[in-house]
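> The file below is start_38.json, JSON, C-alpha atoms:
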[["chain", "number", "residue", "atom", "x", "y", "z"],
["A", 1, "MET", "CA", -176.00, 34.39, 37.24],
["A", 2, "PHE", "CA", -177.53, 34.92, 33.80],
["A", 3, "ASP", "CA", -180.77, 35.97, 35.42],
["A", 4, "MET", "CA", -178.91, 38.69, 37.26],
["A", 5, "LEU", "CA", -177.12, 39.89, 34.13],
["A", 6, "LYS", "CA", -180.44, 39.86, 32.29],
["A", 7, "LYS", "CA", -182.00, 42.01, 34.99],
["A", 8, "ILE", "CA", -179.08, 44.45, 34.93],
["A", 9, "TRP", "CA", -179.48, 44.73, 31.15],
["A", 10, "GLN", "CA", -183.23, 45.21, 31.44],
["A", 11, "VAL", "CA", -183.14, 47.84, 34.17],
["A", 12, "GLY", "CA", -180.20, 49.85, 32.88],
["A", 13, "THR", "CA", -178.86, 52.90, 34.74],
["A", 14, "VAL", "CA", -181.27, 54.39, 37.26],
["A", 15, "THR", "CA", -178.90, 56.93, 38.84],
["A", 16, "LYS", "CA", -179.90, 60.47, 37.96],
["A", 17, "LYS", "CA", -177.44, 63.16, 36.97],
["A", 18, "GLN", "CA", -177.23, 66.62, 38.45],
["A", 19, "PRO", "CA", -179.02, 68.97, 37.97],
["A", 20, "PHE", "CA", -182.01, 66.79, 38.79],
["A", 21, "GLU", "CA", -185.25, 67.10, 36.86],
["A", 22, "PRO", "CA", -187.83, 69.43, 38.46],
["A", 23, "ALA", "CA", -190.50, 68.08, 40.79],
["A", 24, "SER", "CA", -193.90, 67.02, 39.41],
["A", 25, "LYS", "CA", -196.64, 69.63, 39.02],
["A", 26, "LYS", "CA", -198.54, 68.44, 42.09],
["A", 27, "TYR", "CA", -195.50, 68.71, 44.36],
["A", 28, "ARG", "CA", -196.09, 71.16, 47.18],
["A", 29, "GLY", "CA", -192.98, 73.27, 47.36],
["A", 30, "LYS", "CA", -191.92, 76.73, 48.44],
["A", 31, "ILE", "CA", -194.68, 79.22, 49.29],
["A", 32, "GLU", "CA", -194.14, 82.58, 47.62],
["A", 33, "LEU", "CA", -195.35, 85.73, 49.29],
["A", 34, "ILE", "CA", -196.12, 88.84, 47.26],
["A", 35, "ALA", "CA", -197.96, 91.75, 48.85],
["A", 36, "GLN", "CA", -201.30, 92.63, 47.31],
["A", 37, "LYS", "CA", -204.17, 94.85, 48.25],
["A", 38, "ASN", "CA", -207.46, 93.50, 49.63],
["A", 39, "THR", "CA", -206.01, 90.17, 50.68],
["A", 40, "ASN", "CA", -207.72, 88.38, 53.57],
["A", 41, "TRP", "CA", -204.52, 88.12, 55.59],
["A", 42, "GLU", "CA", -206.31, 87.28, 58.85],
["A", 43, "ASP", "CA", -207.91, 84.18, 57.35],
["A", 44, "CYS", "CA", -204.63, 83.06, 55.81],
["A", 45, "ILE", "CA", -202.84, 83.47, 59.12],
["A", 46, "ALA", "CA", -205.57, 81.57, 60.95],
["A", 47, "ALA", "CA", -205.28, 78.72, 58.43],
["A", 48, "CYS", "CA", -201.55, 78.23, 59.07],
["A", 49, "PRO", "CA", -201.13, 75.17, 61.33],
["A", 50, "THR", "CA", -197.58, 75.92, 62.48],
["A", 51, "GLY", "CA", -197.62, 79.68, 62.92],
["A", 52, "ALA", "CA", -195.19, 80.24, 60.08],
["A", 53, "LEU", "CA", -197.32, 83.08, 58.72],
["A", 54, "ARG", "CA", -197.67, 86.02, 61.08],
["A", 55, "MET", "CA", -198.62, 89.65, 61.13],
["A", 56, "ASN", "CA", -196.64, 92.41, 62.80],
["A", 57, "VAL", "CA", -198.63, 95.66, 62.70],
["A", 58, "ASN", "CA", -198.39, 96.26, 58.93],
["A", 59, "LYS", "CA", -195.88, 93.57, 58.01],
["A", 60, "ILE", "CA", -196.69, 90.02, 56.94],
["A", 61, "ARG", "CA", -193.93, 87.60, 57.83],
["A", 62, "LEU", "CA", -193.37, 84.10, 56.49],
["A", 63, "PHE", "CA", -190.81, 81.97, 58.30],
["A", 64, "HIS", "CA", -189.66, 79.05, 56.13],
["A", 65, "GLY", "CA", -188.18, 77.33, 59.18],
["A", 66, "ASN", "CA", -191.70, 76.65, 60.41],
["A", 67, "CYS", "CA", -193.55, 76.32, 57.10],
["A", 68, "ILE", "CA", -194.47, 72.71, 56.26],
["A", 69, "GLN", "CA", -195.72, 73.63, 52.77],
["A", 70, "CYS", "CA", -199.21, 72.25, 53.37],
["A", 71, "GLY", "CA", -200.81, 74.89, 51.15],
["A", 72, "ASN", "CA", -203.69, 75.74, 53.48],
["A", 73, "CYS", "CA", -203.00, 79.47, 53.24],
["A", 74, "VAL", "CA", -202.91, 79.28, 49.44],
["A", 75, "LYS", "CA", -206.35, 77.62, 49.34],
["A", 76, "ILE", "CA", -207.90, 80.27, 51.55],
["A", 77, "CYS", "CA", -206.19, 83.32, 50.04],
["A", 78, "ASN", "CA", -208.59, 85.29, 47.81],
["A", 79, "THR", "CA", -205.91, 87.01, 45.74],
["A", 80, "GLU", "CA", -202.64, 85.92, 44.14],
["A", 81, "ALA", "CA", -200.64, 87.08, 47.15],
["A", 82, "LEU", "CA", -199.74, 83.57, 48.25],
["A", 83, "THR", "CA", -198.74, 81.03, 45.61],
["A", 84, "GLN", "CA", -197.30, 77.56, 45.84],
["A", 85, "THR", "CA", -194.39, 76.70, 43.55],
["A", 86, "THR", "CA", -192.72, 73.36, 42.92],
["A", 87, "ASP", "CA", -189.36, 74.77, 43.98],
["A", 88, "CYS", "CA", -187.69, 72.56, 46.60],
["A", 89, "TYR", "CA", -184.24, 74.16, 46.89],
["A", 90, "LEU", "CA", -184.63, 76.03, 50.15],
["A", 91, "ALA", "CA", -181.26, 75.55, 51.87],
["A", 92, "VAL", "CA", -179.65, 78.73, 53.24],
["A", 93, "ASN", "CA", -176.56, 79.60, 55.25],
["A", 94, "ALA", "CA", -178.09, 82.04, 57.70],
["A", 95, "LYS", "CA", -181.35, 81.89, 59.61],
["A", 96, "LYS", "CA", -182.30, 85.43, 58.64],
["A", 97, "ASP", "CA", -182.60, 84.30, 55.02],
["A", 98, "LEU", "CA", -185.46, 82.03, 56.05],
["A", 99, "PHE", "CA", -187.61, 85.05, 56.94],
["A", 100, "ILE", "CA", -189.64, 86.73, 54.23],
["A", 101, "SER", "CA", -191.58, 89.82, 55.16],
["A", 102, "VAL", "CA", -193.68, 92.14, 53.02],
["A", 103, "ASP", "CA", -195.73, 95.21, 53.65],
["A", 104, "LYS", "CA", -199.43, 94.52, 54.12],
["A", 105, "ASN", "CA", -200.84, 97.02, 51.64],
["A", 106, "GLU", "CA", -198.04, 97.19, 49.13],
["A", 107, "VAL", "CA", -199.14, 97.30, 45.47],
["A", 108, "LYS", "CA", -197.12, 95.39, 42.91],
["B", 1, "MET", "CA", -142.81, 68.66, 67.19],
["B", 2, "SER", "CA", -144.92, 71.24, 68.97],
["B", 3, "GLU", "CA", -148.64, 71.02, 69.30],
["B", 4, "GLU", "CA", -149.26, 73.78, 66.79],
["B", 5, "GLU", "CA", -147.19, 72.13, 64.09],
["B", 6, "LEU", "CA", -149.07, 68.92, 64.69],
["B", 7, "GLY", "CA", -152.27, 70.85, 64.30],
["B", 8, "ILE", "CA", -151.08, 72.37, 61.03],
["B", 9, "ASP", "CA", -150.05, 68.96, 59.76],
["B", 10, "LEU", "CA", -153.40, 67.58, 60.73],
["B", 11, "LYS", "CA", -155.15, 70.50, 59.04],
["B", 12, "ASN", "CA", -153.28, 69.88, 55.80],
["B", 13, "ARG", "CA", -154.16, 66.23, 56.07],
["B", 14, "ILE", "CA", -157.82, 67.03, 56.59],
["B", 15, "LYS", "CA", -157.74, 69.31, 53.57],
["B", 16, "GLU", "CA", -156.23, 66.49, 51.60],
["B", 17, "VAL", "CA", -158.73, 63.99, 52.92],
["B", 18, "LEU", "CA", -161.78, 66.20, 52.51],
["B", 19, "SER", "CA", -161.02, 66.92, 48.90],
["B", 20, "GLY", "CA", -161.64, 63.20, 48.45],
["B", 21, "SER", "CA", -164.53, 62.35, 50.72],
["B", 22, "LEU", "CA", -166.98, 63.56, 53.31],
["B", 23, "HIS", "CA", -168.27, 61.51, 56.20],
["B", 24, "ILE", "CA", -171.69, 62.24, 57.64],
["B", 25, "ARG", "CA", -173.12, 61.23, 60.98],
["B", 26, "HIS", "CA", -176.87, 61.31, 61.34],
["B", 27, "VAL", "CA", -178.25, 62.56, 64.68],
["B", 28, "ASP", "CA", -181.93, 62.05, 65.40],
["B", 29, "THR", "CA", -183.17, 64.41, 68.10],
["B", 30, "GLY", "CA", -186.81, 63.42, 68.16],
["B", 31, "SER", "CA", -187.97, 63.67, 64.58],
["B", 32, "CYS", "CA", -190.95, 61.85, 63.09],
["B", 33, "ASN", "CA", -188.60, 59.88, 60.74],
["B", 34, "GLY", "CA", -189.80, 61.69, 57.61],
["B", 35, "CYS", "CA", -186.49, 63.49, 57.17],
["B", 36, "ASP", "CA", -184.60, 60.31, 58.11],
["B", 37, "PHE", "CA", -186.24, 58.44, 55.26],
["B", 38, "GLU", "CA", -185.28, 61.20, 52.85],
["B", 39, "MET", "CA", -181.70, 60.92, 54.08],
["B", 40, "ALA", "CA", -181.76, 57.15, 53.57],
["B", 41, "THR", "CA", -182.90, 57.90, 50.02],
["B", 42, "LEU", "CA", -179.62, 59.72, 49.40],
["B", 43, "SER", "CA", -177.66, 56.47, 49.32],
["B", 44, "ASN", "CA", -180.06, 54.52, 47.07],
["B", 45, "PRO", "CA", -179.28, 53.90, 43.37],
["B", 46, "ILE", "CA", -181.35, 56.86, 42.16],
["B", 47, "TYR", "CA", -179.57, 59.66, 44.03],
["B", 48, "ASP", "CA", -176.40, 57.66, 44.86],
["B", 49, "ILE", "CA", -174.55, 60.28, 46.87],
["B", 50, "SER", "CA", -171.54, 57.94, 47.18],
["B", 51, "ARG", "CA", -170.47, 58.97, 43.68],
["B", 52, "PHE", "CA", -169.70, 62.43, 45.07],
["B", 53, "GLY", "CA", -167.54, 60.81, 47.77],
["B", 54, "VAL", "CA", -170.06, 61.23, 50.56],
["B", 55, "SER", "CA", -170.82, 58.38, 52.95],
["B", 56, "PHE", "CA", -172.71, 57.84, 56.18],
["B", 57, "VAL", "CA", -170.64, 56.61, 59.11],
["B", 58, "PRO", "CA", -171.75, 54.89, 62.32],
["B", 59, "SER", "CA", -169.74, 57.02, 64.77],
["B", 60, "PRO", "CA", -169.46, 60.78, 65.33],
["B", 61, "ARG", "CA", -165.71, 60.35, 65.88],
["B", 62, "GLN", "CA", -165.25, 59.54, 62.21],
["B", 63, "ALA", "CA", -167.57, 62.24, 60.95],
["B", 64, "ASP", "CA", -166.92, 65.64, 59.35],
["B", 65, "MET", "CA", -170.55, 66.59, 59.30],
["B", 66, "LEU", "CA", -173.52, 66.11, 61.57],
["B", 67, "MET", "CA", -176.96, 65.97, 60.00],
["B", 68, "VAL", "CA", -179.47, 66.76, 62.72],
["B", 69, "THR", "CA", -183.16, 66.02, 62.28],
["B", 70, "GLY", "CA", -185.97, 66.92, 64.64],
["B", 71, "GLY", "CA", -186.54, 69.74, 67.08],
["B", 72, "VAL", "CA", -184.52, 68.88, 70.16],
["B", 73, "THR", "CA", -186.67, 67.13, 72.76],
["B", 74, "SER", "CA", -185.60, 67.54, 76.38],
["B", 75, "ASN", "CA", -184.55, 63.88, 76.56],
["B", 76, "LEU", "CA", -182.25, 64.13, 73.56],
["B", 77, "GLU", "CA", -180.67, 67.49, 74.42],
["B", 78, "LYS", "CA", -177.80, 65.72, 76.15],
["B", 79, "ALA", "CA", -177.34, 63.25, 73.31],
["B", 80, "LEU", "CA", -176.98, 66.10, 70.82],
["B", 81, "ARG", "CA", -174.41, 67.88, 72.99],
["B", 82, "ILE", "CA", -172.37, 64.69, 73.51],
["B", 83, "THR", "CA", -172.45, 63.86, 69.81],
["B", 84, "TYR", "CA", -171.35, 67.38, 68.93],
["B", 85, "GLU", "CA", -168.45, 67.23, 71.38],
["B", 86, "ALA", "CA", -167.40, 63.80, 70.13],
["B", 87, "THR", "CA", -167.07, 65.02, 66.55],
["B", 88, "PRO", "CA", -163.51, 66.11, 65.68],
["B", 89, "LYS", "CA", -162.95, 69.75, 64.72],
["B", 90, "PRO", "CA", -163.61, 71.35, 62.26],
["B", 91, "LYS", "CA", -167.17, 70.11, 62.13],
["B", 92, "MET", "CA", -170.21, 71.02, 60.11],
["B", 93, "VAL", "CA", -173.78, 70.90, 61.39],
["B", 94, "LEU", "CA", -176.77, 70.74, 59.08],
["B", 95, "ALA", "CA", -180.29, 71.37, 60.35],
["B", 96, "ILE", "CA", -182.54, 69.09, 58.29],
["B", 97, "GLY", "CA", -186.28, 69.69, 58.13],
["B", 98, "ALA", "CA", -188.64, 72.28, 59.49],
["B", 99, "CYS", "CA", -188.43, 70.91, 63.06],
["B", 100, "ALA", "CA", -184.67, 71.34, 63.26],
["B", 101, "CYS", "CA", -184.80, 74.78, 61.62],
["B", 102, "GLY", "CA", -187.40, 76.46, 63.78],
["B", 103, "GLY", "CA", -189.85, 74.11, 65.46],
["B", 104, "GLY", "CA", -192.06, 73.08, 62.57],
["B", 105, "VAL", "CA", -195.23, 71.22, 63.50],
["B", 106, "VAL", "CA", -194.17, 70.62, 67.08],
["B", 107, "GLY", "CA", -193.11, 74.18, 67.81],
["B", 108, "GLU", "CA", -191.59, 75.43, 71.03],
["B", 109, "THR", "CA", -192.99, 73.71, 74.09],
["B", 110, "TYR", "CA", -191.71, 72.55, 77.45],
["B", 111, "ALA", "CA", -190.71, 69.22, 75.90],
["B", 112, "ASN", "CA", -189.40, 70.50, 72.58],
["B", 113, "ALA", "CA", -186.73, 73.16, 72.14],
["B", 114, "GLY", "CA", -187.86, 74.21, 68.66],
["B", 115, "GLY", "CA", -184.70, 74.30, 66.60],
["B", 116, "ILE", "CA", -181.19, 73.02, 67.14],
["B", 117, "ASP", "CA", -179.44, 76.38, 66.86],
["B", 118, "SER", "CA", -179.82, 77.12, 70.57],
["B", 119, "PHE", "CA", -177.53, 74.14, 71.32],
["B", 120, "VAL", "CA", -175.03, 73.87, 68.48],
["B", 121, "PRO", "CA", -173.78, 76.33, 65.82],
["B", 122, "VAL", "CA", -175.50, 75.56, 62.51],
["B", 123, "TYR", "CA", -173.83, 75.84, 59.10],
["B", 124, "VAL", "CA", -176.78, 75.33, 56.80],
["B", 125, "TYR", "CA", -180.54, 75.25, 57.31],
["B", 126, "VAL", "CA", -182.50, 72.93, 55.01],
["B", 127, "PRO", "CA", -186.22, 73.61, 55.62],
["B", 128, "GLY", "CA", -189.04, 71.52, 54.19],
["B", 129, "CYS", "CA", -191.34, 68.92, 55.64],
["B", 130, "PRO", "CA", -189.55, 66.76, 54.67],
["B", 131, "PRO", "CA", -186.94, 68.29, 52.31],
["B", 132, "ARG", "CA", -186.40, 66.48, 49.02],
["B", 133, "PRO", "CA", -183.09, 64.62, 48.57],
["B", 134, "GLN", "CA", -182.10, 67.22, 45.98],
["B", 135, "ALA", "CA", -182.47, 69.91, 48.63],
["B", 136, "LEU", "CA", -180.29, 67.89, 51.00],
["B", 137, "ILE", "CA", -177.57, 67.63, 48.34],
["B", 138, "GLN", "CA", -177.81, 71.40, 47.81],
["B", 139, "GLY", "CA", -177.46, 71.86, 51.57],
["B", 140, "ILE", "CA", -174.33, 69.71, 51.68],
["B", 141, "LEU", "CA", -172.80, 71.67, 48.82],
["B", 142, "LEU", "CA", -173.57, 74.98, 50.57],
["B", 143, "ALA", "CA", -171.98, 73.66, 53.77],
["B", 144, "LEU", "CA", -168.85, 72.59, 51.90],
["B", 145, "ASP", "CA", -168.42, 76.11, 50.51],
["B", 146, "GLN", "CA", -168.55, 77.51, 54.02],
["B", 147, "TYR", "CA", -166.28, 74.74, 55.28],
["B", 148, "GLU", "CA", -163.63, 75.66, 52.74],
["B", 149, "GLU", "CA", -163.64, 79.26, 54.00],
["B", 150, "VAL", "CA", -163.35, 78.06, 57.59],
["B", 151, "LEU", "CA", -160.38, 75.90, 56.67],
["B", 152, "LYS", "CA", -158.72, 78.83, 54.87],
["B", 153, "ARG", "CA", -159.13, 81.04, 57.93],
["B", 154, "GLY", "CA", -157.61, 78.22, 59.97],
["B", 155, "GLU", "CA", -160.18, 77.91, 62.72]]
How would this structure read if it were set down as structure tokens?


Amino acid sequence: MFDMLKKIWQVGTVTKKQPFEPASKKYRGKIELIAQKNTNWEDCIAACPTGALRMNVNKIRLFHGNCIQCGNCVKICNTEALTQTTDCYLAVNAKKDLFISVDKNEVK
Amino acid sequence: MSEEELGIDLKNRIKEVLSGSLHIRHVDTGSCNGCDFEMATLSNPIYDISRFGVSFVPSPRQADMLMVTGGVTSNLEKALRITYEATPKPKMVLAIGACACGGGVVGETYANAGGIDSFVPVYVYVPGCPPRPQALIQGILLALDQYEEVLKRGE
């Protein structure tokens, strides 16, 4: 019994309070899509294993429902158009909020 | 007592009950078990979702919420429908993981439906492969907000 009490005293409280601390720097979270000129969109789209990143005429569309946050597109992208954040809070009420689409040649 | 009054009584009771606790039934429709492990993490000492009054139950008849993982395979289509029908109204459905939201790695094939929303109405989508437990808690909170509105409307 004393062993158990000793262990409880040693370990202390492990339960974390909300809001939880952010994920570690290496965590692969939400992909952010910002339109930039001279981006190699075709290569990025070819690198996507699930078809989450697609092109529609002049629109680039990212569907978070398919994205597995592998980061392949970010590695291949030659500009800062695609970036990987450590954000994990992706839950939404409607499916249309999962779609992100930007214009191909937009300058920001 | 007419049926409607019974229903109203029951509704008030559910309101009363739900302000205290939420019961979740987990439905696996052909996932790779990544999301299931993250859901198991919810009840461990670190995230300890029981302190919010949320618990996992073994039967859909006791559940307020269904947590569905995996894109629906053709074998488990029926199981999902039966589980959904067995859950008492009003019921919430959460789509957990990329597969349940829109196909994910498996996509839409002859064996895989690619998303659960073609079979059951979905309250909240929680994408990620797999989603972190924090994201699941956020999803549950979002669903509860919507649930409150549904209860107010009296559906």

> Could you jot down the CA of Gly97 in chain B to CA of Gly65 in chain A separation for me, Å, one decimal place?

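Taking CA of Gly97 in chain B as the start and CA of Gly65 in chain A as the end point, the length is 7.9 Å.
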
> Measuring atom to atom with all atoms listed in the file, identify which of A:Ala91, A:Ala81, A:Ile60, A:Cys48 is nearest to chain B.

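Once distances to chain B are computed over all atoms listed in the file, the minimum belongs to A:Ala91.
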
> Let me have the centre and edge lengths of the axis-aligned box enclosing all listed atoms of range 41-46 of chain B with 6 Å padding on every side, in Å to one decimal, as AutoDock Vina command-line options.


--center_x -180.3 --center_y 56.8 --center_z 46.1 --size_x 17.2 --size_y 17.8 --size_z 19.9

> Mind running chain B against chain A at 8 Å and telling me each contacting residue's nearest atom pair with the distance in Å (one decimal), counting all atoms listed in the file, chain and number ascending, as CSV?


residue,atom,partner,partner_atom,distance
B:Pro45,CA,A:Thr15,CA,5.5
B:Ile46,CA,A:Thr15,CA,4.1
B:Tyr47,CA,A:Thr15,CA,5.9
B:Asp48,CA,A:Thr15,CA,6.6
B:Gly97,CA,A:Gly65,CA,7.9
B:Ala98,CA,A:Gly65,CA,5.1
B:Cys99,CA,A:Asn66,CA,7.1
B:Cys101,CA,A:Gly65,CA,4.9
B:Gly102,CA,A:Gly65,CA,4.7
B:Gly103,CA,A:Asn66,CA,5.9
B:Gly104,CA,A:Asn66,CA,4.2
B:Val105,CA,A:Thr50,CA,5.4
B:Val106,CA,A:Thr50,CA,7.8
B:Gly107,CA,A:Thr50,CA,7.2
B:Tyr123,CA,A:Asn93,CA,6.0
B:Val124,CA,A:Asn93,CA,4.5
B:Tyr125,CA,A:Val92,CA,5.4
B:Val126,CA,A:Ala91,CA,4.3
B:Pro127,CA,A:Gly65,CA,5.5
B:Gly128,CA,A:Ile68,CA,5.9
B:Cys129,CA,A:Ile68,CA,5.0
B:Pro130,CA,A:Ile68,CA,7.9
B:Pro131,CA,A:Cys88,CA,7.2
B:Arg132,CA,A:Cys88,CA,6.7
B:Gln134,CA,A:Phe20,CA,7.2
B:Ala135,CA,A:Tyr89,CA,4.9
B:Leu136,CA,A:Ala91,CA,7.8
B:Gln138,CA,A:Ala91,CA,6.8
B:Gly139,CA,A:Ala91,CA,5.3
B:Leu142,CA,A:Asn93,CA,7.2
B:Ala143,CA,A:Asn93,CA,7.6

> Just the number, please: distance in Å from CA of Ile116 in chain B to CA of Ala95 in chain B, one decimal.

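For CA of Ile116 in chain B relative to CA of Ala95 in chain B, the distance reads 7.0 Å.
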
> Report, in Å with one decimal, the straight-line distance from CA of Thr87 in chain B to CA of Ala100 in chain B.

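It comes out at 19.0 Å.
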
> Which protein, DNA or RNA residues have an atom at most 9 Å from (-200.4, 78.7, 48.8), counting only C-alpha atoms? List them as a ChimeraX atom specification.

/A:28,30-33,69-77,80-85

> Which residues are near Asp64 in chain B? Cut-off 7 Å, all atoms listed in the file, ignore same chain within fewer than 4 positions. Put them as a ChimeraX atom specification.

/B:22-24,91-92

> Rank nothing, just name the residue among B:Val72, B:Val27, B:Met65, B:Leu151 nearest to Gly114 in chain B, using all atoms listed in the file.

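Nearest to Gly114 in chain B: B:Val72.
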
> Pick out the residues sitting within 9 Å of Thr73 in chain B, and hand them over as a list of chain:residue names; count only C-alpha atoms, and ignore anything fewer than 6 positions along from it in its own chain.

B:Thr29, B:Gly30, B:Ser31, B:Tyr110, B:Ala111, B:Asn112, B:Ala113, B:Gly114

> Can you take the partial range 66-91 of chain A, add N, CA and C atoms, and return it as a PDB file, in the frame of the given file?


ATOM      1  N   ASN A  66    -190.520  77.271  59.823  1.00  0.00           N
ATOM      2  CA  ASN A  66    -191.700  76.650  60.410  1.00  0.00           C
ATOM      3  C   ASN A  66    -192.672  76.120  59.360  1.00  0.00           C
ATOM      4  N   CYS A  67    -192.586  76.651  58.156  1.00  0.00           N
ATOM      5  CA  CYS A  67    -193.550  76.320  57.100  1.00  0.00           C
ATOM      6  C   CYS A  67    -193.406  74.850  56.700  1.00  0.00           C
ATOM      7  N   ILE A  68    -194.524  74.108  56.687  1.00  0.00           N
ATOM      8  CA  ILE A  68    -194.470  72.710  56.260  1.00  0.00           C
ATOM      9  C   ILE A  68    -195.050  72.536  54.861  1.00  0.00           C
ATOM     10  N   GLN A  69    -195.277  73.642  54.163  1.00  0.00           N
ATOM     11  CA  GLN A  69    -195.720  73.630  52.770  1.00  0.00           C
ATOM     12  C   GLN A  69    -196.997  72.818  52.565  1.00  0.00           C
ATOM     13  N   CYS A  70    -197.954  72.980  53.485  1.00  0.00           N
ATOM     14  CA  CYS A  70    -199.210  72.250  53.370  1.00  0.00           C
ATOM     15  C   CYS A  70    -200.133  72.901  52.364  1.00  0.00           C
ATOM     16  N   GLY A  71    -199.986  74.205  52.148  1.00  0.00           N
ATOM     17  CA  GLY A  71    -200.810  74.890  51.150  1.00  0.00           C
ATOM     18  C   GLY A  71    -202.165  75.349  51.650  1.00  0.00           C
ATOM     19  N   ASN A  72    -202.402  75.290  52.946  1.00  0.00           N
ATOM     20  CA  ASN A  72    -203.690  75.740  53.480  1.00  0.00           C
ATOM     21  C   ASN A  72    -203.912  77.224  53.230  1.00  0.00           C
ATOM     22  N   CYS A  73    -202.865  78.025  53.419  1.00  0.00           N
ATOM     23  CA  CYS A  73    -203.000  79.470  53.240  1.00  0.00           C
ATOM     24  C   CYS A  73    -203.289  79.819  51.783  1.00  0.00           C
ATOM     25  N   VAL A  74    -202.706  79.020  50.868  1.00  0.00           N
ATOM     26  CA  VAL A  74    -202.910  79.280  49.440  1.00  0.00           C
ATOM     27  C   VAL A  74    -204.363  79.015  49.054  1.00  0.00           C
ATOM     28  N   LYS A  75    -204.959  77.966  49.646  1.00  0.00           N
ATOM     29  CA  LYS A  75    -206.350  77.620  49.340  1.00  0.00           C
ATOM     30  C   LYS A  75    -207.291  78.723  49.802  1.00  0.00           C
ATOM     31  N   ILE A  76    -206.989  79.316  50.958  1.00  0.00           N
ATOM     32  CA  ILE A  76    -207.900  80.270  51.550  1.00  0.00           C
ATOM     33  C   ILE A  76    -207.712  81.681  50.987  1.00  0.00           C
ATOM     34  N   CYS A  77    -206.511  81.978  50.536  1.00  0.00           N
ATOM     35  CA  CYS A  77    -206.190  83.320  50.040  1.00  0.00           C
ATOM     36  C   CYS A  77    -207.086  83.684  48.855  1.00  0.00           C
ATOM     37  N   ASN A  78    -207.667  84.908  48.883  1.00  0.00           N
ATOM     38  CA  ASN A  78    -208.590  85.290  47.810  1.00  0.00           C
ATOM     39  C   ASN A  78    -207.908  86.059  46.684  1.00  0.00           C
ATOM     40  N   THR A  79    -206.650  86.372  46.838  1.00  0.00           N
ATOM     41  CA  THR A  79    -205.910  87.010  45.740  1.00  0.00           C
ATOM     42  C   THR A  79    -204.709  86.127  45.379  1.00  0.00           C
ATOM     43  N   GLU A  80    -203.817  86.672  44.559  1.00  0.00           N
ATOM     44  CA  GLU A  80    -202.640  85.920  44.140  1.00  0.00           C
ATOM     45  C   GLU A  80    -201.440  86.202  45.048  1.00  0.00           C
ATOM     46  N   ALA A  81    -201.731  86.685  46.256  1.00  0.00           N
ATOM     47  CA  ALA A  81    -200.640  87.080  47.150  1.00  0.00           C
ATOM     48  C   ALA A  81    -199.790  85.895  47.581  1.00  0.00           C
ATOM     49  N   LEU A  82    -200.461  84.771  47.853  1.00  0.00           N
ATOM     50  CA  LEU A  82    -199.740  83.570  48.250  1.00  0.00           C
ATOM     51  C   LEU A  82    -199.847  82.540  47.135  1.00  0.00           C
ATOM     52  N   THR A  83    -198.720  82.059  46.661  1.00  0.00           N
ATOM     53  CA  THR A  83    -198.740  81.030  45.610  1.00  0.00           C
ATOM     54  C   THR A  83    -197.797  79.913  46.002  1.00  0.00           C
ATOM     55  N   GLN A  84    -198.147  78.720  45.545  1.00  0.00           N
ATOM     56  CA  GLN A  84    -197.300  77.560  45.840  1.00  0.00           C
ATOM     57  C   GLN A  84    -196.541  77.170  44.574  1.00  0.00           C
ATOM     58  N   THR A  85    -195.215  77.101  44.692  1.00  0.00           N
ATOM     59  CA  THR A  85    -194.390  76.700  43.550  1.00  0.00           C
ATOM     60  C   THR A  85    -193.935  75.256  43.755  1.00  0.00           C
ATOM     61  N   THR A  86    -193.268  74.708  42.767  1.00  0.00           N
ATOM     62  CA  THR A  86    -192.720  73.360  42.920  1.00  0.00           C
ATOM     63  C   THR A  86    -191.236  73.397  43.275  1.00  0.00           C
ATOM     64  N   ASP A  87    -190.771  74.587  43.640  1.00  0.00           N
ATOM     65  CA  ASP A  87    -189.360  74.770  43.980  1.00  0.00           C
ATOM     66  C   ASP A  87    -189.059  74.081  45.322  1.00  0.00           C
ATOM     67  N   CYS A  88    -188.019  73.248  45.349  1.00  0.00           N
ATOM     68  CA  CYS A  88    -187.690  72.560  46.600  1.00  0.00           C
ATOM     69  C   CYS A  88    -186.330  72.986  47.152  1.00  0.00           C
ATOM     70  N   TYR A  89    -185.583  73.787  46.434  1.00  0.00           N
ATOM     71  CA  TYR A  89    -184.240  74.160  46.890  1.00  0.00           C
ATOM     72  C   TYR A  89    -184.324  75.326  47.861  1.00  0.00           C
ATOM     73  N   LEU A  90    -184.385  74.996  49.146  1.00  0.00           N
ATOM     74  CA  LEU A  90    -184.630  76.030  50.150  1.00  0.00           C
ATOM     75  C   LEU A  90    -183.435  76.256  51.078  1.00  0.00           C
ATOM     76  N   ALA A  91    -182.375  75.489  50.922  1.00  0.00           N
ATOM     77  CA  ALA A  91    -181.260  75.550  51.870  1.00  0.00           C
ATOM     78  C   ALA A  91    -180.589  76.923  51.878  1.00  0.00           C
TER      79      ALA A  91
END
